[in-house]
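Containing TSV, C-alpha atoms: start_20.tsv.
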chain	number	residue	atom	x	y	z
M	1094	MET	CA	-2.61	45.59	-19.94
M	1095	LYS	CA	-5.83	43.83	-20.88
M	1096	PRO	CA	-7.98	42.74	-17.93
M	1097	ILE	CA	-7.80	39.08	-18.91
M	1098	LEU	CA	-4.00	39.15	-18.95
M	1099	THR	CA	-3.96	40.85	-15.55
M	1100	PHE	CA	-6.34	38.20	-14.21
M	1101	LEU	CA	-4.17	35.38	-15.59
M	1102	ALA	CA	-0.97	36.93	-14.21
M	1103	VAL	CA	-2.49	37.36	-10.74
M	1104	GLY	CA	-3.95	33.82	-10.86
M	1105	CYS	CA	-0.61	32.29	-11.84
M	1106	ALA	CA	1.19	34.22	-9.12
M	1107	ALA	CA	-1.38	33.05	-6.54
M	1108	VAL	CA	-0.93	29.42	-7.61
M	1109	ILE	CA	2.86	29.72	-7.33
M	1110	VAL	CA	2.62	31.29	-3.86
M	1111	LEU	CA	0.14	28.62	-2.75
M	1112	ALA	CA	2.40	25.83	-4.03
M	1113	ALA	CA	5.36	27.35	-2.18
M	1114	VAL	CA	3.36	27.60	1.06
M	1115	VAL	CA	2.23	23.96	0.75
M	1116	ALA	CA	5.79	22.80	0.03
M	1117	ILE	CA	7.24	24.73	2.96
M	1118	GLY	CA	4.46	23.46	5.22
M	1119	GLY	CA	5.10	19.90	4.09
M	1120	PHE	CA	8.83	20.15	4.76
M	1121	TRP	CA	8.18	21.70	8.17
M	1122	PHE	CA	5.67	18.96	9.05
M	1123	LEU	CA	8.09	16.20	8.05
M	1124	ASP	CA	10.90	17.91	9.95
M	1125	GLN	CA	8.75	18.06	13.10
M	1126	LYS	CA	6.92	14.73	12.82
M	1127	GLY	CA	8.99	12.60	10.42
M	1128	ASP	CA	10.80	10.54	13.04
M	1129	ASP	CA	7.55	9.87	14.89
M	1130	LEU	CA	5.82	8.78	11.67
M	1131	LEU	CA	8.70	6.46	10.79
M	1132	ALA	CA	8.61	4.90	14.25
M	1133	LYS	CA	4.85	4.33	14.04
M	1134	GLY	CA	5.23	2.81	10.59
M	1135	GLN	CA	7.96	0.46	11.81
M	1136	ALA	CA	5.80	-0.54	14.81
M	1137	LEU	CA	2.89	-1.37	12.47
M	1138	ARG	CA	5.16	-3.48	10.29
M	1139	GLU	CA	6.59	-5.30	13.33
M	1140	ASN	CA	3.05	-5.94	14.61
M	1141	GLY	CA	2.24	-7.45	11.22
M	1142	MET	CA	5.36	-9.61	11.43
M	1143	LEU	CA	4.28	-10.91	14.84
M	1144	SER	CA	0.80	-11.70	13.56
M	1145	GLY	CA	2.15	-13.30	10.40
M	1146	ARG	CA	3.92	-16.00	12.39
M	1147	ASP	CA	0.51	-17.54	13.11
M	1148	LEU	CA	-1.14	-16.84	9.73
M	1149	THR	CA	-0.95	-17.99	6.14
M	1150	GLU	CA	-0.36	-15.56	3.30
M	1151	ALA	CA	-4.06	-15.60	2.38
M	1152	GLN	CA	-5.05	-14.98	6.00
M	1153	CYS	CA	-2.78	-11.92	6.09
M	1154	LEU	CA	-4.60	-10.46	3.08
M	1155	ASP	CA	-8.02	-11.44	4.47
M	1156	GLN	CA	-7.31	-9.78	7.82
M	1157	THR	CA	-6.04	-6.66	6.09
M	1158	MET	CA	-9.23	-6.45	4.04
M	1159	ALA	CA	-11.38	-7.00	7.15
M	1160	ARG	CA	-9.55	-4.26	9.04
M	1161	SER	CA	-9.89	-1.94	6.08
M	1162	ARG	CA	-13.67	-2.41	5.98
M	1163	THR	CA	-14.07	-1.32	9.61
M	1164	ASP	CA	-11.44	1.44	9.65
M	1165	LYS	CA	-11.71	3.51	6.49
M	1166	GLY	CA	-9.64	6.44	5.33
M	1167	MET	CA	-6.35	7.18	3.67
M	1168	LEU	CA	-4.27	6.98	6.86
M	1169	SER	CA	-5.87	3.68	7.80
M	1170	GLY	CA	-5.11	2.32	4.32
M	1171	ILE	CA	-1.44	3.22	4.75
M	1172	GLN	CA	-1.37	1.64	8.20
M	1173	GLN	CA	-2.99	-1.56	6.96
M	1174	ALA	CA	-0.57	-1.76	4.02
M	1175	LEU	CA	2.40	-1.56	6.40
M	1176	TRP	CA	0.86	-4.25	8.59
M	1177	LEU	CA	0.28	-6.43	5.50
M	1178	ASP	CA	3.92	-6.07	4.44
M	1179	GLY	CA	5.10	-7.38	7.81
M	1180	CYS	CA	2.47	-10.10	7.97
M	1181	LEU	CA	3.30	-11.49	4.54
M	1182	GLU	CA	7.00	-11.53	5.34
M	1183	THR	CA	6.62	-13.96	8.25
M	1184	SER	CA	3.44	-15.80	7.20
M	1185	ALA	CA	3.24	-19.48	6.35
M	1186	VAL	CA	3.80	-19.92	2.64
M	1187	GLU	CA	1.02	-21.33	0.47
M	1188	ALA	CA	2.14	-22.89	-2.79
M	1189	ASN	CA	-0.71	-21.38	-4.80
M	1190	PHE	CA	-1.02	-17.95	-3.17
M	1191	CYS	CA	0.72	-16.17	-6.04
M	1192	ASP	CA	-0.92	-18.17	-8.82
M	1193	GLY	CA	-2.37	-15.74	-11.34
M	1194	VAL	CA	-0.68	-12.70	-9.78
M	1195	PRO	CA	0.81	-10.73	-12.66
M	1196	PRO	CA	4.18	-9.03	-12.42
M	1197	GLU	CA	3.92	-5.33	-11.57
M	1198	SER	CA	5.61	-4.49	-14.86
M	1199	ASP	CA	2.63	-5.87	-16.86
M	1200	MET	CA	0.28	-2.92	-16.49
M	1201	ARG	CA	-2.59	-4.30	-18.56
M	1202	ARG	CA	-2.76	-7.57	-16.63
M	1203	THR	CA	-2.15	-5.75	-13.34
M	1204	ILE	CA	-5.15	-3.48	-13.80
M	1205	THR	CA	-7.43	-6.32	-14.86
M	1206	TRP	CA	-6.26	-8.56	-12.01
M	1207	ARG	CA	-6.63	-5.88	-9.32
M	1208	ILE	CA	-10.13	-4.90	-10.44
M	1209	SER	CA	-11.18	-8.55	-10.60
M	1210	ARG	CA	-9.70	-9.48	-7.21
M	1211	CYS	CA	-11.13	-6.41	-5.46
M	1212	SER	CA	-14.51	-7.22	-6.94
M	1213	GLU	CA	-14.22	-10.81	-5.65
M	1214	MET	CA	-13.36	-9.45	-2.21
M	1215	LEU	CA	-16.34	-7.06	-2.41
M	1216	SER	CA	-14.11	-4.03	-2.13
M	1217	ASN	CA	-13.63	-1.67	-5.04
M	1218	ASP	CA	-11.99	1.08	-3.02
M	1219	SER	CA	-8.46	2.34	-3.48
M	1220	PRO	CA	-7.01	0.64	-0.36
M	1221	CYS	CA	-7.88	-2.75	-1.90
M	1222	GLN	CA	-5.92	-1.84	-5.02
M	1223	ASN	CA	-2.99	-0.73	-2.87
M	1224	PHE	CA	-3.07	-3.94	-0.82
M	1225	LEU	CA	-2.95	-5.99	-4.00
M	1226	ALA	CA	0.03	-3.94	-5.17
M	1227	ARG	CA	1.77	-5.10	-1.97
M	1228	VAL	CA	0.81	-8.69	-2.79
M	1229	GLN	CA	2.30	-8.34	-6.27
M	1230	LYS	CA	5.52	-6.96	-4.84
M	1231	TYR	CA	5.68	-9.75	-2.25
M	1232	CYS	CA	5.09	-12.45	-4.87
M	1233	GLU	CA	8.15	-11.21	-6.78
M	1234	GLU	CA	10.44	-10.86	-3.74
M	1235	ASP	CA	13.25	-13.15	-2.69
M	1236	VAL	CA	11.72	-13.62	0.77
M	1237	ARG	CA	8.85	-15.59	-0.80
M	1238	ARG	CA	11.16	-17.59	-3.04
M	1239	VAL	CA	13.19	-18.60	0.03
M	1240	LYS	CA	10.03	-19.65	1.86
M	1241	LEU	CA	8.89	-21.71	-1.13
M	1242	SER	CA	12.26	-23.43	-1.48
M	1243	ALA	CA	12.06	-24.49	2.18
M	1244	ILE	CA	8.87	-26.49	1.58
M	1245	LYS	CA	10.06	-28.29	-1.55

Take the structure from the file and write it as structure tokens.
Amino acid sequence: MKPILTFLAVGCAAVIVLAAVVAIGGFWFLDQKGDDLLAKGQALRENGMLSGRDLTEAQCLDQTMARSRTDKGMLSGIQQALWLDGCLETSAVEANFCDGVPPESDMRRTITWRISRCSEMLSNDSPCQNFLARVQKYCEEDVRRVKLSAIK
């Protein structure tokens, strides 16, 4: 067998073994810690819901962005997004909060809107984009439509 073919075969085998180890490790981690992670996530969302009772929709987003600036990292971004979900759900509705928010299905407008909004909020990091994805989802949900119908 040519040396290059041997090298490729060994490399492919190593990648497959590594992928299997990562998958098994991931399943083990979720098996051991999954319930705890779900409980923490639910607690973050409930905390957001409690806070949202005293905030407007825009204030929920502003507070999420402020928290994100002081507590960076992927895990923090996930935590803040869960808090934002809860906060928006119970926040005071603002008639114009969703003005200009494109539907998630319109990818071109979504990308342009997220980049523009993150730039306005002086945050071009990935958590900002993820928070705005939550805003888009919220603006399309029934919970917001019900809140809007209550003020009309």

message: So that I can check the surroundings of range 1142-1154 of chain M, please list as a list in words every protein, DNA and RNA residue that reaches within 8 Å of it, counting all atoms listed in the file and ignoring chain neighbours fewer than 5 positions away.
response: Trp1176, Leu1177, Asp1178, Gly1179, Cys1180, Leu1181, Glu1182, Thr1183, Ser1184, Ala1185, Val1186, Glu1187, Phe1190 and Phe1224 of chain M

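Nearest to Ala1174 in chain M of all the residues M:Ile1109, M:Leu1225, M:Val1239, M:Ile1208 is M:Leu1225, counting all atoms listed in the file.
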
Do you know which residues are at most 10 Å from Met1214 in chain M counting all atoms listed in the file, after dropping those on the same chain fewer than 4 positions away, and could you put them as a tab-separated table (two decimals) with C-alpha atoms, in the frame of the given file?
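Written out: result_12.tsv:
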chain	number	residue	atom	x	y	z
M	1155	ASP	CA	-8.02	-11.44	4.47
M	1158	MET	CA	-9.23	-6.45	4.04
M	1159	ALA	CA	-11.38	-7.00	7.15
M	1208	ILE	CA	-10.13	-4.90	-10.44
M	1209	SER	CA	-11.18	-8.55	-10.60
M	1210	ARG	CA	-9.70	-9.48	-7.21
M	1221	CYS	CA	-7.88	-2.75	-1.90

field: Point-to-point distance from CA of Ile1244 in chain M to CA of Lys1230 in chain M, Å rounded to tenths
entry: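 Result for CA of Ile1244 in chain M versus CA of Lys1230 in chain M: 20.8 Å, one decimal.
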
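Put simply, CA of Gln1135 in chain M is 8.0 Å away from CA of Leu1175 in chain M.
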
- prompt: For the atom pair CA of Cys1191 in chain M and CA of Ser1242 in chain M, what is the interatomic distance in Å to one decimal place?
  reply: 14.4 Å

message: I need the residue nearest Leu1168 in chain M from this list: M:Lys1095, M:Gly1134, M:Leu1241, M:Thr1203. Use all atoms listed in the file for the distance.
response: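 Of M:Lys1095, M:Gly1134, M:Leu1241, M:Thr1203, the one nearest Leu1168 in chain M is M:Gly1134, counting all atoms listed in the file.
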
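Among the candidates M:Glu1197, M:Asn1223, M:Ala1188, M:Ile1204, the one nearest to Lys1240 in chain M when counting all atoms listed in the file is M:Ala1188.
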
Distance query Arg1162 in chain M at most 12 Å, all atoms listed in the file, self and fewer than 6 positions along chain excluded, as a PyMOL selection string: chain M and resi 1155-1156+1169-1170+1173+1214-1221

Given 3 Å on each side, where is the centre and what are the edge lengths in Å to one decimal of the axis-aligned box enclosing the listed atoms of range 1158-1173 of chain M, as JSON?
{"center_x": -7.7, "center_y": 0.1, "center_z": 6.7, "size_x": 18.7, "size_y": 20.2, "size_z": 12.0}

task: Would you mind listing what lies within 9 Å of Trp1206 in chain M as a PyMOL selection string, with all atoms listed in the file counted and same-chain residues fewer than 5 positions away left out?
output: chain M and resi 1193-1195+1201+1211

How about completing range 1150-1176 of chain M with N, CA, C and O atoms and giving it to me as an mmCIF file, keeping the file's coordinate frame?
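Everything below was put into part.cif:
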data_model
loop_
_atom_site.group_PDB
_atom_site.id
_atom_site.type_symbol
_atom_site.label_atom_id
_atom_site.label_comp_id
_atom_site.auth_asym_id
_atom_site.auth_seq_id
_atom_site.Cartn_x
_atom_site.Cartn_y
_atom_site.Cartn_z
ATOM 1 N N GLU M 1150 -0.400 -16.746 4.161
ATOM 2 C CA GLU M 1150 -0.360 -15.560 3.300
ATOM 3 C C GLU M 1150 -1.781 -15.064 3.009
ATOM 4 O O GLU M 1150 -2.052 -13.863 3.107
ATOM 5 N N ALA M 1151 -2.680 -15.987 2.684
ATOM 6 C CA ALA M 1151 -4.060 -15.600 2.380
ATOM 7 C C ALA M 1151 -4.748 -14.991 3.603
ATOM 8 O O ALA M 1151 -5.522 -14.033 3.481
ATOM 9 N N GLN M 1152 -4.458 -15.522 4.778
ATOM 10 C CA GLN M 1152 -5.050 -14.980 6.000
ATOM 11 C C GLN M 1152 -4.557 -13.556 6.267
ATOM 12 O O GLN M 1152 -5.312 -12.722 6.761
ATOM 13 N N CYS M 1153 -3.300 -13.280 5.939
ATOM 14 C CA CYS M 1153 -2.780 -11.920 6.090
ATOM 15 C C CYS M 1153 -3.595 -10.949 5.231
ATOM 16 O O CYS M 1153 -4.015 -9.886 5.695
ATOM 17 N N LEU M 1154 -3.826 -11.323 3.975
ATOM 18 C CA LEU M 1154 -4.600 -10.460 3.080
ATOM 19 C C LEU M 1154 -6.046 -10.358 3.563
ATOM 20 O O LEU M 1154 -6.609 -9.257 3.586
ATOM 21 N N ASP M 1155 -6.639 -11.462 3.976
ATOM 22 C CA ASP M 1155 -8.020 -11.440 4.470
ATOM 23 C C ASP M 1155 -8.168 -10.531 5.681
ATOM 24 O O ASP M 1155 -9.124 -9.751 5.775
ATOM 25 N N GLN M 1156 -7.232 -10.630 6.621
ATOM 26 C CA GLN M 1156 -7.310 -9.780 7.820
ATOM 27 C C GLN M 1156 -7.116 -8.310 7.473
ATOM 28 O O GLN M 1156 -7.761 -7.438 8.049
ATOM 29 N N THR M 1157 -6.237 -8.043 6.519
ATOM 30 C CA THR M 1157 -6.040 -6.660 6.090
ATOM 31 C C THR M 1157 -7.323 -6.098 5.494
ATOM 32 O O THR M 1157 -7.725 -4.971 5.803
ATOM 33 N N MET M 1158 -7.972 -6.895 4.658
ATOM 34 C CA MET M 1158 -9.230 -6.450 4.040
ATOM 35 C C MET M 1158 -10.301 -6.237 5.113
ATOM 36 O O MET M 1158 -11.042 -5.258 5.060
ATOM 37 N N ALA M 1159 -10.382 -7.127 6.083
ATOM 38 C CA ALA M 1159 -11.380 -7.000 7.150
ATOM 39 C C ALA M 1159 -11.127 -5.737 7.970
ATOM 40 O O ALA M 1159 -12.065 -4.991 8.290
ATOM 41 N N ARG M 1160 -9.891 -5.473 8.285
ATOM 42 C CA ARG M 1160 -9.550 -4.260 9.040
ATOM 43 C C ARG M 1160 -9.894 -3.010 8.239
ATOM 44 O O ARG M 1160 -10.366 -2.025 8.783
ATOM 45 N N SER M 1161 -9.638 -3.081 6.946
ATOM 46 C CA SER M 1161 -9.890 -1.940 6.080
ATOM 47 C C SER M 1161 -11.385 -1.616 5.990
ATOM 48 O O SER M 1161 -11.765 -0.454 5.862
ATOM 49 N N ARG M 1162 -12.223 -2.635 6.058
ATOM 50 C CA ARG M 1162 -13.670 -2.410 5.980
ATOM 51 C C ARG M 1162 -14.204 -1.693 7.217
ATOM 52 O O ARG M 1162 -15.172 -0.954 7.137
ATOM 53 N N THR M 1163 -13.578 -1.926 8.374
ATOM 54 C CA THR M 1163 -14.070 -1.320 9.610
ATOM 55 C C THR M 1163 -13.372 0.004 9.929
ATOM 56 O O THR M 1163 -13.897 0.800 10.685
ATOM 57 N N ASP M 1164 -12.212 0.219 9.369
ATOM 58 C CA ASP M 1164 -11.440 1.440 9.650
ATOM 59 C C ASP M 1164 -11.056 2.074 8.315
ATOM 60 O O ASP M 1164 -10.018 1.759 7.747
ATOM 61 N N LYS M 1165 -11.913 2.936 7.820
ATOM 62 C CA LYS M 1165 -11.710 3.510 6.490
ATOM 63 C C LYS M 1165 -10.867 4.786 6.565
ATOM 64 O O LYS M 1165 -10.664 5.342 7.613
ATOM 65 N N GLY M 1166 -10.404 5.211 5.425
ATOM 66 C CA GLY M 1166 -9.640 6.440 5.330
ATOM 67 C C GLY M 1166 -8.255 6.213 4.787
ATOM 68 O O GLY M 1166 -7.737 5.092 4.808
ATOM 69 N N MET M 1167 -7.658 7.289 4.289
ATOM 70 C CA MET M 1167 -6.350 7.180 3.670
ATOM 71 C C MET M 1167 -5.278 6.743 4.672
ATOM 72 O O MET M 1167 -4.475 5.859 4.384
ATOM 73 N N LEU M 1168 -5.276 7.336 5.846
ATOM 74 C CA LEU M 1168 -4.270 6.980 6.860
ATOM 75 C C LEU M 1168 -4.411 5.528 7.274
ATOM 76 O O LEU M 1168 -3.421 4.808 7.402
ATOM 77 N N SER M 1169 -5.638 5.072 7.444
ATOM 78 C CA SER M 1169 -5.870 3.680 7.800
ATOM 79 C C SER M 1169 -5.370 2.748 6.694
ATOM 80 O O SER M 1169 -4.779 1.701 6.977
ATOM 81 N N GLY M 1170 -5.585 3.132 5.441
ATOM 82 C CA GLY M 1170 -5.110 2.320 4.320
ATOM 83 C C GLY M 1170 -3.594 2.176 4.346
ATOM 84 O O GLY M 1170 -3.061 1.093 4.097
ATOM 85 N N ILE M 1171 -2.905 3.257 4.656
ATOM 86 C CA ILE M 1171 -1.440 3.220 4.750
ATOM 87 C C ILE M 1171 -1.018 2.322 5.901
ATOM 88 O O ILE M 1171 -0.109 1.496 5.769
ATOM 89 N N GLN M 1172 -1.699 2.456 7.034
ATOM 90 C CA GLN M 1172 -1.370 1.640 8.200
ATOM 91 C C GLN M 1172 -1.588 0.160 7.906
ATOM 92 O O GLN M 1172 -0.751 -0.679 8.258
ATOM 93 N N GLN M 1173 -2.700 -0.159 7.269
ATOM 94 C CA GLN M 1173 -2.990 -1.560 6.960
ATOM 95 C C GLN M 1173 -1.984 -2.123 5.964
ATOM 96 O O GLN M 1173 -1.609 -3.290 6.046
ATOM 97 N N ALA M 1174 -1.561 -1.309 5.001
ATOM 98 C CA ALA M 1174 -0.570 -1.760 4.020
ATOM 99 C C ALA M 1174 0.759 -2.082 4.700
ATOM 100 O O ALA M 1174 1.416 -3.086 4.364
ATOM 101 N N LEU M 1175 1.164 -1.278 5.659
ATOM 102 C CA LEU M 1175 2.400 -1.560 6.400
ATOM 103 C C LEU M 1175 2.268 -2.842 7.201
ATOM 104 O O LEU M 1175 3.195 -3.659 7.254
ATOM 105 N N TRP M 1176 1.112 -3.020 7.835
ATOM 106 C CA TRP M 1176 0.860 -4.250 8.590
ATOM 107 C C TRP M 1176 0.911 -5.454 7.652
ATOM 108 O O TRP M 1176 1.508 -6.483 7.979
#
